[in-house]
Structures are given as structure tokens and as C-alpha cells.
file input_38.cif (mmCIF, C-alpha atoms)
data_coords
loop_
_atom_site.label_atom_id
_atom_site.label_comp_id
_atom_site.auth_asym_id
_atom_site.auth_seq_id
_atom_site.Cartn_x
_atom_site.Cartn_y
_atom_site.Cartn_z
CA MET A 1 0.99 -6.54 -5.03
CA ASN A 2 2.27 -8.46 -8.04
CA GLY A 3 0.69 -6.40 -10.79
CA ALA A 4 -2.17 -8.83 -11.33
CA ALA A 5 -4.72 -7.38 -8.95
CA ILE A 6 -6.41 -4.16 -8.02
CA THR A 7 -5.89 -2.93 -4.49
CA THR A 8 -7.22 0.00 -2.55
CA GLY A 9 -5.08 2.89 -1.42
CA THR A 10 -5.31 4.61 1.94
CA GLY A 11 -8.94 4.71 3.06
CA THR A 12 -11.28 4.73 0.09
CA SER A 13 -9.74 7.48 -2.00
CA THR A 14 -7.55 5.69 -4.54
CA LEU A 15 -7.00 2.52 -6.54
CA PHE A 16 -3.73 1.12 -7.88
CA LEU A 17 -4.19 -0.03 -11.46
CA PRO A 18 -1.42 -2.07 -13.14
CA ILE A 19 -0.71 -0.99 -16.71
CA ASN A 20 -0.38 -4.62 -17.86
CA TYR A 21 -3.76 -6.06 -16.89
CA PRO A 22 -4.25 -9.88 -16.76
CA GLN A 23 -6.82 -11.40 -19.11
CA PRO A 24 -9.62 -11.87 -16.51
CA LEU A 25 -9.81 -8.08 -16.19
CA LEU A 26 -9.59 -7.34 -19.92
CA GLN A 27 -12.24 -7.23 -22.59
CA LYS A 28 -11.37 -6.46 -26.17
CA ARG A 29 -13.48 -3.67 -27.62
CA ALA A 30 -11.51 -2.61 -30.71
CA PRO A 31 -8.21 -3.54 -32.42
CA ASN A 32 -5.38 -3.06 -29.92
CA SER A 33 -7.80 -1.49 -27.44
CA PHE A 34 -9.02 -2.91 -24.16
CA HIS A 35 -10.99 -1.68 -21.21
CA LEU A 36 -11.07 -2.65 -17.57
CA LEU A 37 -14.09 -4.69 -16.55
CA PRO A 38 -15.97 -3.59 -13.44
CA THR A 39 -14.86 -5.66 -10.48
CA ARG A 40 -15.39 -5.91 -6.74
CA CYS A 41 -12.96 -6.67 -3.93
CA CYS A 42 -14.73 -9.10 -1.63
CA SER A 43 -12.42 -8.54 1.33
CA CYS A 44 -12.70 -4.77 1.47
CA ASN A 45 -16.11 -4.16 -0.14
CA VAL A 46 -14.76 -1.89 -2.85
CA PRO A 47 -17.56 -0.71 -5.18
CA PRO A 48 -17.45 -1.63 -8.89
CA ILE A 49 -14.98 0.38 -10.98
CA ARG A 50 -16.21 1.87 -14.21
CA ALA A 51 -14.65 0.64 -17.45
CA LEU A 52 -11.40 2.50 -18.06
CA SER A 53 -9.55 2.30 -21.35
CA LEU A 54 -5.82 1.66 -21.20
CA GLU A 55 -5.55 4.15 -24.04
CA GLU A 56 -7.29 6.91 -22.12
CA ILE A 57 -4.57 7.74 -19.58
CA PRO A 58 -1.26 6.66 -21.16
CA PRO A 59 1.99 7.67 -19.43
CA ASN A 60 4.23 10.17 -21.18
CA ALA A 61 6.84 7.48 -21.86
CA LEU A 62 4.36 5.53 -23.98
CA ARG A 63 3.08 8.68 -25.67
CA ARG A 64 6.64 9.69 -26.52
CA LYS A 65 7.38 6.24 -27.95
CA ARG A 66 4.43 6.63 -30.29
CA ASP A 67 5.27 10.22 -31.22
CA ALA A 68 8.85 11.41 -30.80
CA SER A 69 7.78 14.99 -31.55
CA LEU A 70 5.25 15.00 -28.71
CA ARG A 71 5.02 18.26 -26.81
CA ALA A 72 3.25 17.68 -23.53
CA GLY A 73 3.94 18.07 -19.87
CA PHE A 74 7.17 16.88 -18.29
CA SER A 75 7.77 14.02 -15.84
CA LEU A 76 8.92 14.28 -12.22
CA GLY A 77 10.70 11.29 -10.73
CA VAL A 78 10.19 10.87 -6.98
CA ASP A 79 12.33 8.75 -4.65
CA LEU A 80 10.42 8.72 -1.36
CA GLY A 81 12.36 8.16 1.86
CA LEU A 82 11.56 8.22 5.55
CA SER A 83 13.04 11.70 5.95
CA ARG A 84 14.38 12.70 2.51
CA THR A 85 12.73 12.70 -0.90
CA GLY A 86 14.82 12.93 -4.05
CA LEU A 87 13.44 14.51 -7.21
CA ALA A 88 14.52 14.29 -10.83
CA LEU A 89 13.07 15.99 -13.89
CA SER A 90 12.62 14.82 -17.45
CA LYS A 91 12.30 17.55 -20.07
CA GLY A 92 12.29 16.45 -23.66
CA PHE A 93 14.85 13.65 -23.85
CA SER A 94 17.02 14.83 -20.95
CA ILE A 95 16.80 13.64 -17.35
CA ARG A 96 18.56 15.49 -14.55
CA PRO A 97 18.60 15.46 -10.74
CA LEU A 98 16.52 18.31 -9.40
CA THR A 99 16.61 18.55 -5.61
CA VAL A 100 16.26 16.71 -2.30
CA LEU A 101 13.42 17.67 0.04
CA GLU A 102 13.53 17.11 3.78
CA LEU A 103 9.77 17.29 4.22
CA ARG A 104 7.03 14.85 5.15
CA GLY A 105 3.25 14.62 5.06
CA GLN A 106 1.18 17.52 3.79
CA LYS A 107 4.18 19.85 3.53
CA LEU A 108 5.88 17.40 1.16
CA GLU A 109 2.75 16.98 -0.95
CA LEU A 110 2.22 20.73 -1.28
CA ARG A 111 5.86 21.30 -2.19
CA LEU A 112 5.66 18.61 -4.90
CA LEU A 113 2.66 20.38 -6.37
CA GLU A 114 4.50 23.71 -6.33
CA ILE A 115 7.51 22.22 -8.11
CA ALA A 116 5.29 20.53 -10.68
CA GLU A 117 3.62 23.85 -11.43
CA GLN A 118 6.96 25.60 -11.80
CA GLN A 119 8.47 22.90 -14.02
CA GLU A 120 5.34 22.27 -16.15
CA VAL A 121 5.06 18.68 -14.95
CA ASP A 122 1.91 16.68 -15.66
CA GLU A 123 2.90 13.29 -14.23
CA PHE A 124 4.75 11.94 -11.20
CA ILE A 125 6.75 8.69 -11.37
CA ILE A 126 7.13 7.48 -7.79
CA GLY A 127 9.59 4.71 -6.99
CA LEU A 128 8.02 1.64 -5.35
CA PRO A 129 10.43 -0.34 -3.11
CA LYS A 130 10.61 -4.06 -3.79
CA SER A 131 12.90 -6.89 -2.71
CA SER A 132 15.35 -8.60 -5.06
CA ASP A 133 12.78 -11.31 -5.82
CA GLY A 134 10.17 -8.74 -6.84
CA LYS A 135 8.09 -8.94 -3.69
CA GLU A 136 6.84 -5.90 -1.84
CA THR A 137 8.19 -4.84 1.53
CA PRO A 138 6.81 -2.93 4.55
CA GLN A 139 8.27 0.20 2.95
CA SER A 140 6.17 -0.53 -0.14
CA ASN A 141 3.00 -0.08 1.90
CA LYS A 142 4.21 3.27 3.21
CA VAL A 143 4.97 4.49 -0.30
CA ARG A 144 1.58 3.32 -1.53
CA SER A 145 -0.08 5.20 1.31
CA VAL A 146 1.70 8.45 0.42
CA ALA A 147 1.11 7.95 -3.31
CA GLY A 148 -2.57 7.28 -2.74
CA ARG A 149 -3.11 10.49 -0.80
CA PHE A 150 -1.01 12.54 -3.19
CA ALA A 151 -2.77 11.17 -6.30
CA VAL A 152 -6.01 12.79 -5.14
CA ARG A 153 -4.33 16.21 -4.89
CA ALA A 154 -2.61 15.74 -8.25
CA ALA A 155 -5.79 14.62 -10.02
CA GLU A 156 -7.50 17.86 -9.01
CA ARG A 157 -5.06 19.53 -11.43
CA GLY A 158 -5.33 16.85 -14.09
CA TRP A 159 -1.90 15.41 -13.19
CA ARG A 160 -1.25 11.67 -13.08
CA VAL A 161 0.64 9.60 -10.50
CA TYR A 162 2.34 6.31 -11.39
CA LEU A 163 4.36 3.78 -9.38
CA GLN A 164 7.59 2.36 -10.84
CA ASP A 165 9.61 -0.52 -9.37
CA GLU A 166 12.71 1.08 -7.86
CA HIS A 167 14.64 -2.02 -6.76
CA GLY A 168 18.37 -1.39 -7.08
CA THR A 169 18.07 2.30 -7.96
CA SER A 170 20.22 3.46 -5.02
CA ALA A 171 23.12 1.25 -6.12
CA GLU A 172 22.78 2.43 -9.71
CA ALA A 173 22.62 6.04 -8.53
CA MET A 174 25.80 5.61 -6.51
CA GLY A 175 27.54 4.18 -9.55
CA GLN A 176 26.47 7.12 -11.69
CA MET A 177 27.78 9.64 -9.17
CA ILE A 178 31.10 7.87 -8.88
CA ASP A 179 31.40 7.84 -12.67
CA LEU A 180 30.72 11.59 -12.64
CA GLY A 181 33.57 12.10 -10.18
CA LEU A 182 31.45 13.31 -7.29
CA GLY A 183 33.19 13.13 -3.90
CA LYS A 184 31.85 11.25 -0.91
CA SER A 185 30.24 14.27 0.76
CA ALA A 186 28.58 15.34 -2.48
CA ARG A 187 27.27 11.83 -3.07
CA GLN A 188 25.67 11.70 0.38
CA GLY A 189 23.74 14.89 -0.25
CA LYS A 190 22.59 14.00 -3.76
CA ILE A 191 22.03 10.24 -3.79
CA ASP A 192 18.25 10.57 -3.34
CA ALA A 193 17.98 12.88 -6.35
CA TYR A 194 20.14 10.55 -8.46
CA ALA A 195 18.01 7.60 -7.36
CA ALA A 196 15.03 9.53 -8.75
CA VAL A 197 17.00 9.93 -12.00
CA VAL A 198 17.36 6.14 -12.21
CA VAL A 199 13.63 5.73 -11.56
CA LEU A 200 12.90 7.97 -14.56
CA GLU A 201 15.53 6.28 -16.73
CA ARG A 202 13.98 2.89 -16.02
CA TYR A 203 10.50 4.23 -16.68
CA PHE A 204 11.43 5.67 -20.09
CA SER A 205 13.61 2.72 -21.10
CA LEU A 206 10.59 0.44 -20.60
CA SER A 207 8.24 2.93 -22.30
CA GLY A 208 6.06 2.91 -19.21
CA GLN A 209 5.44 -0.84 -19.24
CA GLY A 210 4.91 -2.44 -15.84
CA ILE A 211 4.07 0.76 -13.98
CA GLU A 212 0.89 1.27 -11.96
CA LEU A 213 -1.53 4.14 -12.31
CA VAL A 214 -2.70 5.45 -8.93
CA LEU A 215 -6.29 6.28 -9.73
CA PRO A 216 -8.58 8.33 -7.47
CA LYS A 217 -11.90 6.58 -6.97
CA GLN A 218 -13.91 9.79 -7.24
CA LEU A 219 -15.41 9.83 -10.73
CA GLU A 220 -15.07 13.60 -11.03
CA LEU A 221 -11.31 13.29 -10.45
CA GLN A 222 -11.07 10.46 -12.98
CA GLU A 223 -12.71 12.77 -15.50
CA LYS A 224 -10.13 15.44 -14.76
CA LEU A 225 -7.37 12.91 -15.45
CA LEU A 226 -9.00 11.94 -18.73
CA LYS A 227 -9.25 15.60 -19.72
CA GLY A 228 -5.72 16.39 -18.55
CA PRO A 229 -4.35 19.72 -17.33
CA PRO A 230 -5.26 22.96 -19.11
CA GLU A 231 -2.96 23.63 -22.06
CA ASP A 232 -0.36 26.31 -21.49
CA GLU A 233 0.03 28.25 -24.75
CA ASP A 234 3.43 29.62 -23.74
CA PHE A 235 4.65 26.07 -23.06
CA TYR A 236 3.62 24.83 -26.48
CA LEU A 237 5.11 27.86 -28.22
CA GLU A 238 8.43 27.76 -26.39
CA GLY A 239 8.96 24.01 -26.65
CA PHE A 240 11.42 22.09 -24.54
CA ASP A 241 13.79 24.52 -22.88
CA ASP A 242 15.96 22.87 -20.21
#
call {"tool": "encode", "arguments": {"input": "input_38.cif", "output": "C-alpha cells"}}
result
Amino acid sequence: MNGAAITTGTGTSTLFLPINYPQPLLQKRAPNSFHLLPTRCCSCNVPPIRALSLEEIPPNALRRKRDASLRAGFSLGVDLGLSRTGLALSKGFSIRPLTVLELRGQKLELRLLEIAEQQEVDEFIIGLPKSSDGKETPQSNKVRSVAGRFAVRAAERGWRVYLQDEHGTSAEAMGQMIDLGLGKSARQGKIDAYAAVVVLERYFSLSGQGIELVLPKQLELQEKLLKGPPEDEDFYLEGFDD
């Protein structure tokens, strides 16, 4: 996918919506505000999608750019692998490696939800593998499949799932660890988590531009995303404690 089309996720549960929509899918409705026109995929018989404002579900990176004092949920970077998944956490303006999970399937999804609950996360930034020329790879399809299933679980809690191009993140992560003086054995055990750090760094440096929202097709789940997670009074009182 090149960011100019809407594609279905696994089965009929999710849609992948590029943040930067091309003009054929945009209709201006107010100054600096657009909504997504209903469309249909002829090849897979996807039903029309209701109009969805780009302003309705903005990523935290864009919200933070607009309001530096924003106090909202935190962001979890996810570097999905065949057997290992690296996680990184953004709280306030700090990004740090969190952990590496050796889980797959439903166990991985449930553990991600648990960690998000513990860390007051309200969005997941999942790295999407691409080749050096920007094209997607067989691994891209696997990541999309996992992200599509997981987005349904996350939306039930009002949490959003986005895909961020992760090309070159492993090399950047290795460079960061070497600069930090980590030995070879330490680097091998932490590279996935540091790759997730790079995913988050890229996401925030671009203010969320170019990412894709993984949107559940169930309207009731879309409404939960629009409403967002319930506010935690303790979170808003305590602020950003790392």
C-alpha cells in the first residue's frame, strides 16, 4: 500500500486509513477541515465507509504539536517480529525502551493491552516494514494482519492503533546502543526495544504525518475511538511522571 488507497485488514474487521488522503477521497467542509468520502472497493466488495473527519481521531504527536501542554494518554511504540516484539514508551517528551516480549498471537495482544493499561497508554504506534524504495514486503502483510486484529481489541477500550514506516529502524537502533556503550550481548537482547524507540522518535519528529490509522469497520467501535478512553482523574492530577 502506498498511502493513496484504502485497504481491508484481516477478514472484514478493519480498514487502514492513510493520514494524508489524496484529493479524490477528500471533500472540504470547513477551513482546514476535510472528511473522507464514502467509497467502495470493487475487488473485495467492501461496504461504503461513513464520512470520517481527519480532525476527529488525531494522533498524539499531532495533538502535542498543537498544544505543548497537552495532558493525554501516552504512546506505545511496537516493533513486531516473528518471535520477539520490542516495546518503547513515550511519556511527556521522553521516549525510552520498555521491554521485549517473546509472545505471539492472542497472548501477545492481551499482554499489550495489559501493558497499555499499566502505563496509561491510549495509542499504539506499530512499525510497518518497507523496503528501501518505500514498497511493502511480505512481512508488511503479516504486520498488517496482526495490527488489524489488535485494533479491534484496542478500540473496545477507546485506544487507537497506527502504522508507522519502520524502514531502517534496526540500523538506527544499533547505532544508538553503540553510542550508549552497550556491549554486544546487551545489544542482542535489547535491539527490538530500541527499534521501537526509533519508531516513536520518527513518529513524533514527523508530528504523525504519513502514518495510517487502523480503523475497525464496526461503527460502534469507531464511536468508541471518537469518544476516546475514559478520563483517569488521578492521571490528570499527577501529570507526567516517568
call {"tool": "resolve_selection", "arguments": {"input": "input_38.cif", "expression": "the PyMOL selection byres ((chain A and resi 140-149) around 10)", "output": "count of residues only"}}
result
44
call {"tool": "axis_aligned_box", "arguments": {"input": "input_38.cif", "around": "region 168-175 of chain A", "padding_each_side": "4 Å", "output": "JSON"}}
result
{"center_x": 22.8, "center_y": 2.3, "center_z": -7.4, "size_x": 17.5, "size_y": 15.4, "size_z": 12.7}
call {"tool": "resolve_selection", "arguments": {"input": "input_38.cif", "expression": "the PyMOL selection byres ((chain A and resi 98) around 6)", "output": "PDB file with C-alpha atoms, in the frame of the given file"}}
result
ATOM      1  CA  LEU A  87      13.440  14.510  -7.210  1.00  0.00           C
ATOM      2  CA  ALA A  88      14.520  14.290 -10.830  1.00  0.00           C
ATOM      3  CA  PRO A  97      18.600  15.460 -10.740  1.00  0.00           C
ATOM      4  CA  THR A  99      16.610  18.550  -5.610  1.00  0.00           C
TER       5      THR A  99
END
call {"tool": "resolve_selection", "arguments": {"input": "input_38.cif", "expression": "the PyMOL selection byres ((chain A and resi 100) around 6)", "output": "list in words"}}
result
Thr85, Gly86, Thr99, Leu101 and Ala193 of chain A
call {"tool": "write_last_selection", "arguments": {"input": "input_38.cif", "atoms": "C-alpha atoms", "output": "CSV table (one decimal), in the coordinates of the input"}}
result
chain,number,residue,atom,x,y,z
A,85,THR,CA,12.7,12.7,-0.9
A,86,GLY,CA,14.8,12.9,-4.0
A,99,THR,CA,16.6,18.6,-5.6
A,101,LEU,CA,13.4,17.7,0.0
A,193,ALA,CA,18.0,12.9,-6.4
call {"tool": "atom_distance", "arguments": {"input": "input_38.cif", "atom1": "CA of His167 (chain A)", "atom2": "CA of Lys91 (chain A)"}}
result
23.8 Å
call {"tool": "atom_distance", "arguments": {"input": "input_38.cif", "atom1": "CA of Val198 (chain A)", "atom2": "CA of Arg84 (chain A)"}}
result
16.4 Å
call {"tool": "residues_around", "arguments": {"input": "input_38.cif", "residues": "Leu225 (chain A)", "least_positions_apart": "6", "cutoff": "8 Å", "atoms": "all atoms listed in the file", "output": "ChimeraX atom specification"}}
result
/A:57,155,158-160
call {"tool": "residues_around", "arguments": {"input": "input_38.cif", "residues": "region 168-185 of chain A", "least_positions_apart": "5", "cutoff": "8 Å", "atoms": "only C-alpha atoms", "output": "JSON, numbers by chain"}}
result
{"A": [191, 192, 194, 195, 196, 197, 198, 199]}
call {"tool": "closest_residue", "arguments": {"input": "input_38.cif", "among": "A:Leu70, A:Ile115, A:Val78, A:Leu110", "to": "Phe93 (chain A)", "atoms": "all atoms listed in the file"}}
result
A:Leu70
